[in-house]
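final_4.cif follows (mmCIF, C-alpha atoms):
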```
data_protein
#
loop_
_atom_site.label_atom_id
_atom_site.label_comp_id
_atom_site.auth_asym_id
_atom_site.auth_seq_id
_atom_site.Cartn_x
_atom_site.Cartn_y
_atom_site.Cartn_z
CA MET A 762 21.86 63.34 107.49
CA ARG A 763 24.82 61.00 108.13
CA THR A 764 22.66 57.97 107.36
CA ILE A 765 21.45 59.66 104.19
CA ILE A 766 25.03 60.18 103.03
CA VAL A 767 25.89 56.52 103.58
CA GLN A 768 22.92 55.52 101.45
CA ALA A 769 23.78 58.03 98.75
CA VAL A 770 27.40 56.92 98.54
CA ALA A 771 26.33 53.32 98.30
CA GLY A 772 24.00 54.27 95.48
CA GLU A 773 26.79 55.82 93.43
CA ALA A 774 27.85 52.42 92.15
CA HIS A 775 24.60 52.46 90.19
CA GLY A 776 24.97 56.10 89.13
CA VAL A 777 21.87 57.31 90.96
CA GLY A 778 23.20 59.17 94.04
CA PRO A 779 24.04 62.88 94.24
CA PHE A 780 27.41 62.57 95.91
CA ALA A 781 29.64 60.84 93.37
CA ARG A 782 32.37 63.50 93.22
CA HIS A 783 33.21 63.13 96.91
CA ALA A 784 32.07 59.60 97.76
CA SER A 785 35.51 58.41 98.81
CA LEU A 786 36.07 61.58 100.82
CA CYS A 787 32.81 61.02 102.71
CA ARG A 788 34.00 57.52 103.64
CA ARG A 789 37.47 58.61 104.76
CA VAL A 790 36.89 61.86 106.64
CA PRO A 791 34.40 61.97 109.56
CA ARG A 792 33.48 65.64 109.08
CA VAL A 793 30.16 67.37 109.61
CA THR A 794 29.74 68.03 105.89
CA PRO A 795 26.67 66.06 104.85
CA LEU A 796 26.39 68.08 101.63
CA ALA A 797 29.96 67.48 100.48
CA GLY A 798 29.91 67.08 96.70
CA ILE A 799 26.80 69.22 96.17
CA ARG A 800 27.49 72.23 93.93
CA VAL A 801 25.36 75.34 94.39
CA LEU A 802 25.09 78.42 92.20
CA ASP A 803 23.81 81.35 94.24
CA PHE A 804 22.39 84.12 92.05
CA SER A 805 20.43 85.62 94.96
CA LYS A 806 21.01 88.82 96.89
CA VAL A 807 20.13 90.63 100.11
CA LEU A 808 19.06 88.10 102.80
CA ALA A 809 16.66 85.19 102.13
CA GLY A 810 18.60 83.55 99.29
CA PRO A 811 22.08 84.33 100.63
CA LEU A 812 21.19 82.86 104.03
CA CYS A 813 19.85 79.71 102.39
CA ALA A 814 23.05 79.34 100.36
CA GLN A 815 25.20 80.05 103.43
CA TRP A 816 23.49 77.26 105.38
CA LEU A 817 24.08 74.88 102.47
CA GLY A 818 27.74 75.93 102.49
CA ASP A 819 27.94 75.41 106.24
CA LEU A 820 26.90 71.80 105.62
CA GLY A 821 29.68 71.28 103.11
CA ALA A 822 28.16 72.26 99.77
CA GLU A 823 30.43 74.05 97.28
CA VAL A 824 28.69 77.40 96.86
CA THR A 825 29.56 79.87 94.11
CA LYS A 826 27.98 83.28 94.60
CA ILE A 827 27.49 84.93 91.21
CA GLU A 828 27.39 88.72 91.56
CA PRO A 829 27.30 91.67 89.15
CA PRO A 830 30.85 93.05 88.76
CA ARG A 831 29.77 96.59 89.61
CA GLY A 832 28.73 96.69 93.25
CA GLY A 833 27.90 93.01 93.78
CA ASP A 834 25.20 91.99 96.23
CA ASP A 835 23.24 95.04 97.41
CA THR A 836 24.14 94.39 101.05
CA ARG A 837 27.84 94.96 100.34
CA GLY A 838 26.87 98.63 100.30
CA TRP A 839 24.66 98.69 103.43
CA PRO A 840 26.28 100.42 106.46
CA PRO A 841 27.81 99.91 108.90
CA PHE A 842 30.97 98.75 107.15
CA ARG A 843 34.09 96.75 107.92
CA GLY A 844 36.76 97.65 105.40
CA GLY A 845 34.12 98.88 102.96
CA VAL A 846 32.00 95.71 103.23
CA GLY A 847 28.51 95.94 104.73
CA ALA A 848 27.79 94.14 108.00
CA VAL A 849 24.62 92.48 106.65
CA PHE A 850 26.64 90.99 103.78
CA LEU A 851 29.19 89.61 106.24
CA SER A 852 26.40 87.95 108.24
CA ALA A 853 25.00 85.92 105.32
CA ASN A 854 27.79 84.97 102.92
CA ARG A 855 30.43 82.76 104.53
CA ASN A 856 31.46 79.48 102.88
CA LYS A 857 31.03 80.86 99.37
CA LYS A 858 33.25 81.77 96.45
CA SER A 859 32.48 85.07 94.73
CA LEU A 860 32.31 85.07 90.95
CA ALA A 861 31.82 88.55 89.49
CA LEU A 862 30.00 87.75 86.25
CA ASP A 863 28.07 90.20 84.09
CA LEU A 864 24.89 88.46 82.98
CA LYS A 865 24.04 91.42 80.77
CA THR A 866 26.73 90.20 78.36
CA GLU A 867 26.21 87.19 76.10
CA ALA A 868 29.53 85.74 77.22
CA GLY A 869 28.45 86.02 80.87
CA ARG A 870 25.12 84.35 80.20
CA ASP A 871 26.80 81.53 78.28
CA ALA A 872 29.20 80.97 81.19
CA ALA A 873 26.33 80.86 83.68
CA ARG A 874 24.44 78.31 81.57
CA ARG A 875 27.54 76.16 81.24
CA MET A 876 27.98 76.15 85.02
CA ALA A 877 24.30 75.40 85.62
CA ALA A 878 24.59 72.36 83.37
CA GLN A 879 27.01 70.90 85.94
CA ALA A 880 25.48 72.22 89.18
CA ASP A 881 23.21 70.44 91.64
CA VAL A 882 21.35 73.48 92.96
CA LEU A 883 20.61 76.93 91.54
CA ILE A 884 19.14 79.70 93.71
CA GLU A 885 17.82 82.93 92.18
CA SER A 886 15.86 85.87 93.56
CA TYR A 887 15.31 88.08 90.54
CA ALA A 888 12.08 89.93 89.85
CA THR A 889 9.59 87.79 87.94
CA GLY A 890 10.69 87.27 84.34
CA VAL A 891 14.26 88.53 84.77
CA ALA A 892 15.89 85.10 85.05
CA ASP A 893 14.15 84.05 81.84
CA ARG A 894 15.34 87.18 80.05
CA LEU A 895 18.88 86.45 81.21
CA GLY A 896 18.66 82.93 79.82
CA ILE A 897 18.91 81.24 83.23
CA GLY A 898 15.22 80.61 83.88
CA ALA A 899 14.00 77.35 85.34
CA GLU A 900 12.70 75.84 82.10
CA GLU A 901 15.91 76.45 80.16
CA MET A 902 18.23 75.42 82.99
CA ARG A 903 16.36 72.21 83.72
CA ALA A 904 16.34 71.34 80.03
CA LEU A 905 20.13 71.61 80.15
CA ASN A 906 20.37 69.71 83.42
CA PRO A 907 17.39 67.54 84.43
CA ARG A 908 19.05 66.77 87.77
CA LEU A 909 19.14 70.43 88.74
CA VAL A 910 17.24 71.57 91.83
CA TYR A 911 16.16 75.09 90.83
CA CYS A 912 15.01 77.32 93.69
CA SER A 913 13.23 80.56 92.86
CA ILE A 914 12.79 83.13 95.64
CA SER A 915 10.49 86.12 95.12
CA GLY A 916 8.42 88.66 96.93
CA PHE A 917 4.95 87.47 95.94
CA GLY A 918 5.47 84.28 93.93
CA ARG A 919 5.75 83.80 90.16
CA THR A 920 2.00 83.66 89.47
CA GLY A 921 -1.04 85.64 90.57
CA PRO A 922 -2.01 89.33 90.41
CA LEU A 923 1.05 90.43 92.41
CA LYS A 924 3.64 88.29 90.62
CA ASP A 925 5.48 91.41 89.44
CA GLY A 926 5.46 93.03 92.88
CA LEU A 927 8.83 93.68 94.46
CA GLY A 928 9.10 92.31 97.96
CA TYR A 929 11.31 93.19 100.88
CA ASP A 930 10.79 92.00 104.43
CA VAL A 931 9.20 95.26 105.60
CA ILE A 932 6.88 95.33 102.56
CA LEU A 933 5.50 91.92 103.49
CA GLN A 934 5.27 92.85 107.16
CA ALA A 935 3.01 95.68 106.05
CA PHE A 936 1.07 93.78 103.37
CA SER A 937 0.40 90.65 105.42
CA GLY A 938 -1.07 92.34 108.49
CA ILE A 939 1.91 91.56 110.70
CA MET A 940 2.82 95.23 111.10
CA ALA A 941 -0.78 96.18 111.94
CA MET A 942 -0.81 93.83 114.92
CA THR A 943 2.74 94.49 116.15
CA GLY A 944 3.46 96.99 118.92
CA GLU A 945 1.77 98.35 122.01
CA ARG A 946 -1.97 98.77 122.39
CA GLY A 947 -3.07 102.02 120.79
CA GLY A 948 0.27 102.50 119.05
CA GLY A 949 1.04 102.90 115.37
CA PRO A 950 2.41 100.25 113.00
CA ALA A 951 5.71 98.75 114.12
CA ARG A 952 8.33 96.84 112.15
CA SER A 953 9.89 93.74 113.66
CA PRO A 954 13.56 94.73 113.30
CA PHE A 955 15.25 91.38 112.64
CA SER A 956 13.68 90.70 109.23
CA PRO A 957 11.74 87.58 110.27
CA ILE A 958 10.07 87.09 106.88
CA ASP A 959 13.32 87.25 104.93
CA GLN A 960 15.04 84.88 107.33
CA SER A 961 12.13 82.45 107.47
CA THR A 962 11.93 82.46 103.67
CA GLY A 963 15.60 81.47 103.61
CA MET A 964 14.82 78.61 105.99
CA ASN A 965 11.93 77.48 103.80
CA ALA A 966 14.19 77.49 100.75
CA PHE A 967 16.88 75.59 102.67
CA SER A 968 14.52 72.84 103.83
CA GLY A 969 12.90 72.61 100.40
CA ILE A 970 16.27 72.18 98.70
CA LEU A 971 17.30 69.44 101.14
CA ALA A 972 14.01 67.62 100.51
CA ALA A 973 14.43 68.00 96.73
CA LEU A 974 17.93 66.53 96.92
CA LEU A 975 16.56 63.51 98.79
CA GLU A 976 13.84 63.10 96.18
CA ARG A 977 16.45 63.35 93.42
CA HIS A 978 18.39 60.55 95.05
CA ARG A 979 15.30 58.35 94.65
CA THR A 980 14.25 59.46 91.17
CA GLY A 981 17.35 60.85 89.51
CA GLN A 982 15.36 64.00 88.63
CA GLY A 983 15.67 67.52 89.96
CA CYS A 984 12.75 69.87 90.35
CA ARG A 985 11.75 73.50 90.48
CA LEU A 986 11.06 74.98 93.92
CA GLU A 987 9.28 78.24 94.59
CA VAL A 988 9.35 80.12 97.86
CA SER A 989 8.15 83.66 98.41
CA LEU A 990 8.06 86.22 101.17
CA PHE A 991 4.28 86.36 100.65
CA GLU A 992 3.76 82.66 101.34
CA THR A 993 6.20 82.72 104.23
CA ALA A 994 4.30 85.59 105.84
CA ALA A 995 0.99 83.78 105.28
CA ALA A 996 2.33 80.58 106.83
CA LEU A 997 3.78 82.43 109.82
CA LEU A 998 0.29 83.81 110.51
CA GLY A 999 -1.32 80.36 110.58
CA TYR A 1000 -2.65 80.40 114.13
CA ASN A 1001 -3.49 84.12 113.92
CA PHE A 1002 -5.69 83.41 110.89
CA GLN A 1003 -7.30 80.50 112.73
CA ILE A 1004 -8.16 82.78 115.65
CA PHE A 1005 -9.53 85.41 113.26
CA TRP A 1006 -11.75 82.83 111.54
CA GLU A 1007 -13.10 81.72 114.92
CA LYS A 1008 -13.62 85.18 116.44
CA GLY A 1009 -14.47 87.12 113.30
CA SER A 1010 -12.63 90.16 114.61
CA LEU A 1011 -9.18 91.60 114.02
CA PRO A 1012 -6.52 91.04 116.67
CA GLU A 1013 -5.61 93.98 118.85
CA LYS A 1014 -2.01 94.95 119.35
CA CYS A 1015 -0.82 93.21 122.49
CA GLY A 1016 2.71 94.51 123.01
CA SER A 1017 4.73 91.79 124.69
CA GLY A 1018 1.61 89.79 125.51
CA HIS A 1019 -0.52 87.15 123.81
CA GLU A 1020 -4.23 87.34 123.03
CA SER A 1021 -4.82 83.70 124.03
CA LEU A 1022 -2.66 83.45 127.17
CA CYS A 1023 -2.59 85.43 130.42
CA PRO A 1024 -0.44 86.35 132.29
CA TYR A 1025 2.10 85.96 129.51
CA GLN A 1026 3.98 89.22 128.95
CA ALA A 1027 6.57 91.67 130.28
CA PHE A 1028 6.04 93.23 133.69
CA ASP A 1029 7.95 96.04 135.36
CA ALA A 1030 10.08 94.62 138.14
CA ALA A 1031 11.65 96.93 140.72
CA ASP A 1032 14.58 97.73 138.41
CA ARG A 1033 13.74 96.68 134.83
CA PRO A 1034 11.21 94.67 132.80
CA VAL A 1035 10.94 90.91 133.14
CA LEU A 1036 8.84 88.56 131.03
CA ILE A 1037 6.85 85.92 132.85
CA GLY A 1038 5.16 83.27 130.72
CA ILE A 1039 2.38 81.46 132.59
CA ALA A 1040 1.11 79.36 129.72
CA ASN A 1041 -1.18 76.92 131.56
CA ASP A 1042 -3.17 76.48 134.75
CA ASN A 1043 -0.59 74.25 136.42
CA LEU A 1044 1.99 77.03 136.07
CA TRP A 1045 -0.54 79.53 137.45
CA ARG A 1046 -1.12 77.42 140.57
CA ARG A 1047 2.64 76.94 140.97
CA PHE A 1048 3.28 80.67 140.69
CA THR A 1049 0.52 81.75 143.06
CA ALA A 1050 1.66 79.22 145.65
CA GLY A 1051 5.28 80.35 145.26
CA VAL A 1052 4.40 84.01 145.92
CA GLU A 1053 2.14 82.95 148.82
CA ARG A 1054 -1.05 84.07 147.13
CA PRO A 1055 -2.90 80.72 146.81
CA GLU A 1056 -6.29 82.46 146.89
CA LEU A 1057 -5.62 83.75 143.37
CA ALA A 1058 -5.68 80.19 142.02
CA GLU A 1059 -9.23 79.73 143.34
CA ASP A 1060 -10.57 83.17 142.42
CA PRO A 1061 -13.23 82.59 139.70
CA ARG A 1062 -11.78 85.51 137.73
CA PHE A 1063 -8.41 83.81 137.48
CA ARG A 1064 -8.99 80.06 137.95
CA THR A 1065 -8.37 78.99 134.34
CA ASN A 1066 -6.46 80.51 131.45
CA ALA A 1067 -9.78 81.24 129.72
CA ASP A 1068 -10.91 83.09 132.88
CA ARG A 1069 -7.70 85.07 133.01
CA VAL A 1070 -7.95 86.02 129.33
CA ALA A 1071 -11.55 87.12 129.87
CA ASN A 1072 -10.35 89.26 132.79
CA PHE A 1073 -7.13 90.29 131.10
CA ALA A 1074 -6.71 93.78 132.61
CA GLU A 1075 -7.44 92.60 136.16
CA THR A 1076 -5.04 89.67 135.86
CA VAL A 1077 -2.26 91.86 134.56
CA ALA A 1078 -2.83 94.43 137.30
CA VAL A 1079 -2.62 91.76 140.02
CA LEU A 1080 0.61 90.35 138.57
CA GLN A 1081 2.12 93.80 138.08
CA ALA A 1082 1.62 94.64 141.75
CA ILE A 1083 3.38 91.41 142.75
CA VAL A 1084 6.24 91.70 140.26
CA ALA A 1085 7.02 95.30 141.23
CA THR A 1086 8.15 94.14 144.68
CA ARG A 1087 11.33 92.38 143.47
CA ARG A 1088 14.22 92.97 141.08
CA ALA A 1089 14.25 91.29 137.67
CA ASP A 1090 17.16 89.00 138.53
CA ASP A 1091 15.34 87.90 141.67
CA TRP A 1092 12.30 86.97 139.60
CA VAL A 1093 14.43 85.05 137.12
CA GLU A 1094 16.04 83.06 139.96
CA PHE A 1095 12.68 82.49 141.65
CA CYS A 1096 10.91 81.35 138.49
CA LEU A 1097 13.77 79.07 137.48
CA ARG A 1098 13.65 77.46 140.93
CA ILE A 1099 9.92 76.71 140.81
CA GLY A 1100 9.74 75.92 137.08
CA ILE A 1101 8.07 79.00 135.62
CA PRO A 1102 9.19 80.28 132.17
CA CYS A 1103 10.79 83.67 132.75
CA ALA A 1104 13.45 85.97 131.30
CA ALA A 1105 14.71 89.47 131.89
CA VAL A 1106 14.01 91.73 128.91
CA ASN A 1107 17.58 91.89 127.68
CA THR A 1108 19.34 94.00 125.10
CA ILE A 1109 21.23 92.19 122.35
CA ALA A 1110 24.41 93.15 124.22
CA ASP A 1111 23.05 91.32 127.29
CA MET A 1112 22.27 88.30 125.13
CA LEU A 1113 25.78 88.20 123.66
CA ALA A 1114 27.38 88.57 127.10
CA HIS A 1115 25.31 85.83 128.74
CA PRO A 1116 27.40 82.77 129.69
CA HIS A 1117 24.86 80.47 128.01
CA MET A 1118 25.81 81.99 124.65
CA ALA A 1119 29.41 80.94 125.16
CA ALA A 1120 28.38 77.54 126.48
CA ARG A 1121 26.36 76.80 123.35
CA GLY A 1122 29.07 78.02 120.97
CA MET A 1123 26.81 80.24 118.87
CA VAL A 1124 29.32 83.08 118.48
CA MET A 1125 32.24 82.15 116.24
CA ASP A 1126 35.42 84.26 116.04
CA TYR A 1127 37.55 84.22 112.92
CA ASP A 1128 40.18 86.21 111.04
CA HIS A 1129 39.22 87.55 107.64
CA PRO A 1130 42.32 87.84 105.41
CA GLN A 1131 41.30 91.31 104.19
CA LEU A 1132 39.09 92.63 107.00
CA GLY A 1133 40.78 91.35 110.15
CA PRO A 1134 39.18 89.79 113.26
CA LEU A 1135 35.43 89.27 112.97
CA LYS A 1136 32.59 87.48 114.69
CA THR A 1137 29.64 85.64 113.19
CA MET A 1138 26.69 83.57 114.35
CA ALA A 1139 26.87 79.80 113.92
CA GLN A 1140 24.27 77.85 112.00
CA PRO A 1141 21.71 76.79 114.64
CA ILE A 1142 22.17 73.06 114.00
CA GLN A 1143 24.58 70.82 115.87
CA PHE A 1144 25.68 67.36 114.78
CA ASP A 1145 26.72 64.85 117.44
CA GLY A 1146 27.62 67.68 119.80
CA ARG A 1147 30.53 68.74 117.62
CA LYS A 1148 31.87 72.28 117.72
CA ARG A 1149 30.75 74.44 114.82
CA THR A 1150 33.40 76.28 112.83
CA VAL A 1151 33.32 79.15 110.36
CA GLY A 1152 34.82 77.45 107.31
CA SER A 1153 35.71 80.07 104.74
CA PRO A 1154 35.06 83.79 105.40
CA PRO A 1155 32.66 85.94 103.36
CA PRO A 1156 34.37 86.67 100.04
CA MET A 1157 35.43 89.99 98.60
CA LEU A 1158 33.64 90.84 95.35
CA GLY A 1159 35.01 88.70 92.52
CA GLN A 1160 37.67 87.21 94.80
CA HIS A 1161 37.30 83.73 93.30
CA SER A 1162 36.23 84.52 89.74
CA ALA A 1163 38.98 82.58 87.99
CA GLU A 1164 39.03 79.83 90.61
CA ALA A 1165 35.28 79.29 90.47
CA LEU A 1166 35.24 79.12 86.68
CA ALA A 1167 38.18 76.73 86.64
CA SER A 1168 36.33 74.42 89.04
CA TYR A 1169 33.56 74.19 86.41
CA GLY A 1170 36.03 73.27 83.67
CA PHE A 1171 36.86 76.66 82.15
CA GLY A 1172 40.40 76.83 80.80
CA ALA A 1173 42.76 79.78 81.18
CA ASP A 1174 42.09 80.95 77.62
CA GLU A 1175 38.34 80.82 78.16
CA ILE A 1176 38.65 82.82 81.37
CA ALA A 1177 40.81 85.37 79.57
CA GLY A 1178 38.18 85.52 76.84
CA LEU A 1179 35.49 86.31 79.38
CA ARG A 1180 37.64 89.15 80.71
CA ALA A 1181 38.20 90.48 77.22
CA ALA A 1182 34.46 90.39 76.58
CA GLY A 1183 33.85 92.48 79.71
CA ALA A 1184 31.89 89.67 81.34
CA LEU A 1185 34.22 89.06 84.28
CA GLY A 1186 35.07 91.20 87.30
CA THR A 1187 38.33 91.25 89.16
CA SER A 1188 39.70 88.19 90.89
#
```
Show me, as structure tokens, the structure contained in the file I just sent.
Amino acid sequence: MRTIIVQAVAGEAHGVGPFARHASLCRRVPRVTPLAGIRVLDFSKVLAGPLCAQWLGDLGAEVTKIEPPRGGDDTRGWPPFRGGVGAVFLSANRNKKSLALDLKTEAGRDAARRMAAQADVLIESYATGVADRLGIGAEEMRALNPRLVYCSISGFGRTGPLKDGLGYDVILQAFSGIMAMTGERGGGPARSPFSPIDQSTGMNAFSGILAALLERHRTGQGCRLEVSLFETAAALLGYNFQIFWEKGSLPEKCGSGHESLCPYQAFDAADRPVLIGIANDNLWRRFTAGVERPELAEDPRFRTNADRVANFAETVAVLQAIVATRRADDWVEFCLRIGIPCAAVNTIADMLAHPHMAARGMVMDYDHPQLGPLKTMAQPIQFDGRKRTVGSPPPMLGQHSAEALASYGFGADEIAGLRAAGALGTS
């Protein structure tokens, strides 16, 4: 991205680059802010859109989160709370200013359109048709601002029989077939508890916006992006679909295992579970030699991965008998020493306490002016080995209403007029 910025700044002399407002700043200050000068309006809520906008803010974009004055983003009200603010909200909304703007008022809609005319990126996650009814739909906004990158996030996409369907992560886990194949053999449907579809949709939106900004640098034109939980779920299932097309049968639940690899799952060590991932025949020979069972590598039932998958239950039983003889930590040390992928089945508390977490700098501590000391997870991208920092903390609802409007050219009288019209929340 640093090279991209240099090119964009150079292009500003011709009026074609996206970084004109902060070109001199980019030259003077060697910061990890490749999106400095990019202005983002975040109309999204819950997780996918807010995460996308947070990652843009982490990279230096100026992000204004536009929320309804009464209640704000839904996740502000999801327990557990810190000072009345939901933990999920705190996880996905740093490096943003909060503008409490009522889009159900004409004054609020006019203000939003005026800001969009100056913005670089707009992110929305309304139900299909709502953004158009509010006067901030893609067609109208891009007519006002042809350079705008307009990103629409939805449950099922804006076209097709399910375009009006409301999507949450768990809904798409169920709809897509993910839930039906998650869990232990013979068990009922199980939800993956970290909202993988929401988070992956946010990543798709993030990468799409970055690509659109690069394209705009070349063409001078923005574009409309669409991402949906439906398409994210479908894409995540790519190799599962390929296997289904080849086999013609539905996948069985495989717990911690894998239908195409064996042994590749959790086993019960003497004290707790440990996951051993023998993903190829070289690793199998290495493991069997290390545990002094070389005959297993030549046994026709176990010689190749295809053999071991065909004799899945027997392979697992053999490994379970071996693994039960040692403690999990002993297996981790042993496997690390001989080059076998392995990990104890940790809790999230174990993960946070592991020294590697501190070594990689993924947990960031900061002081929130209203909520006190907090922790958050860093963006999982590192530039030139530099330490990642929080930037600005997640905002209180409407904390920056006047400030955000002023940054888009609204005068004090205009801001007062918005308050008088009931379009503006507290600041």
By how many Å are CA of Ala809 in chain A and CA of Asp959 in chain A apart?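 Here the two named atoms are 4.8 Å from each other.
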Return the single residue from A:Glu1059, A:Glu1020, A:Glu976, A:Asp1042 that is closest to Ala1074 in chain A, with distances computed using all atoms listed in the file.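 Ranked by minimum distance to Ala1074 in chain A, first place goes to A:Glu1020.
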Skip Ser852 in chain A itself and residues of its chain fewer than 6 positions away, then list as a ChimeraX atom specification all residues within 12 Å of it, counting only C-alpha atoms. /A:807-809,811-812,815-816,836-837,839,842-843,846,960,1124-1125,1135-1140,1151,1154-1156
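Counting from CA of Arg1069 in chain A, the distance to CA of Gly1051 in chain A is 18.5 Å.
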Taking all atoms of range 1143-1146 of chain A that the file lists, what box with edges along x, y and z, padded by 4 Å per side, do you get, with centre and edge lengths in Å to one decimal, as lines of an AutoDock Vina configuration file?
```
center_x = 26.1
center_y = 67.8
center_z = 117.3
size_x = 11.0
size_y = 14.0
size_z = 13.0
```
Which one of A:Val1052, A:Ala1110, A:Ala996, A:Val1093 sits closest to Ser937 in chain A if you count only C-alpha atoms?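 The closest residue to Ser937 in chain A is A:Ala996.
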Expressed in Å to a single decimal, how great is the separation between CA of Ile914 in chain A and CA of Leu1166 in chain A?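 Spanning CA of Ile914 in chain A to CA of Leu1166 in chain A is a straight-line distance of 24.5 Å.
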Using all atoms listed in the file, which protein or nucleic acid residues come within 7 Å of Leu820 in chain A? Drop anything in the same chain fewer than 5 positions from it, and give the result as a list of chain:residue names.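 Once the nearby chain positions are removed, what remains is A:Val793, A:Thr794, A:Pro795, A:Leu796.
Residue nearest Gly963 in chain A, chosen from A:Leu990, A:Gly921, A:Glu945, A:Asp1111 and counting all atoms listed in the file: A:Leu990.
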Nearest candidate to Ala1030 in chain A (options A:Trp1092, A:Phe1048, A:Leu1057, A:Gly983; using only C-alpha atoms): A:Trp1092
Please identify all polymer residues lying at most 10 Å from the point (27.4, 88.0, 94.5) (file coordinates), using all atoms listed in the file, and present the result as number ranges by chain. A: 803-807, 811, 825-830, 832-837, 850, 854, 857-862, 1156-1159
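Minimum distance to Gly1016 in chain A across A:Gly944, A:Gly1100, A:Gly1170, A:Pro1130 (counting all atoms listed in the file) occurs at A:Gly944.
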12 Å contact set for Phe967 in chain A, all atoms listed in the file, chain neighbours under 5 positions out, as a VMD selection string: chain A and resid 801 809 to 820 882 to 884 910 to 914 960 to 962 972 to 974 986 to 988
Judged by all atoms listed in the file, the minimum distance to Arg985 in chain A among A:Ala1177, A:Arg952, A:Glu901, A:Asp925 is found for A:Glu901
Write out as a list in words each polymer residue whose atoms come within 10 Å of range 1167-1169 of chain A, counting all atoms listed in the file; drop sequence neighbours fewer than 5 positions from it.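 The contact residues come out as Arg800, Ala872, Arg875, Met876, Ala877, Ala878, Gln879, Ala880, His1161, Ser1162, Glu1175 and Ile1176 of chain A.
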Residue contacts of Arg1047 in chain A (10 Å, all atoms listed in the file) excluding same-chain residues fewer than 6 positions away, as a PyMOL selection string: chain A and resi 1039+1053+1055+1058+1096+1099-1101
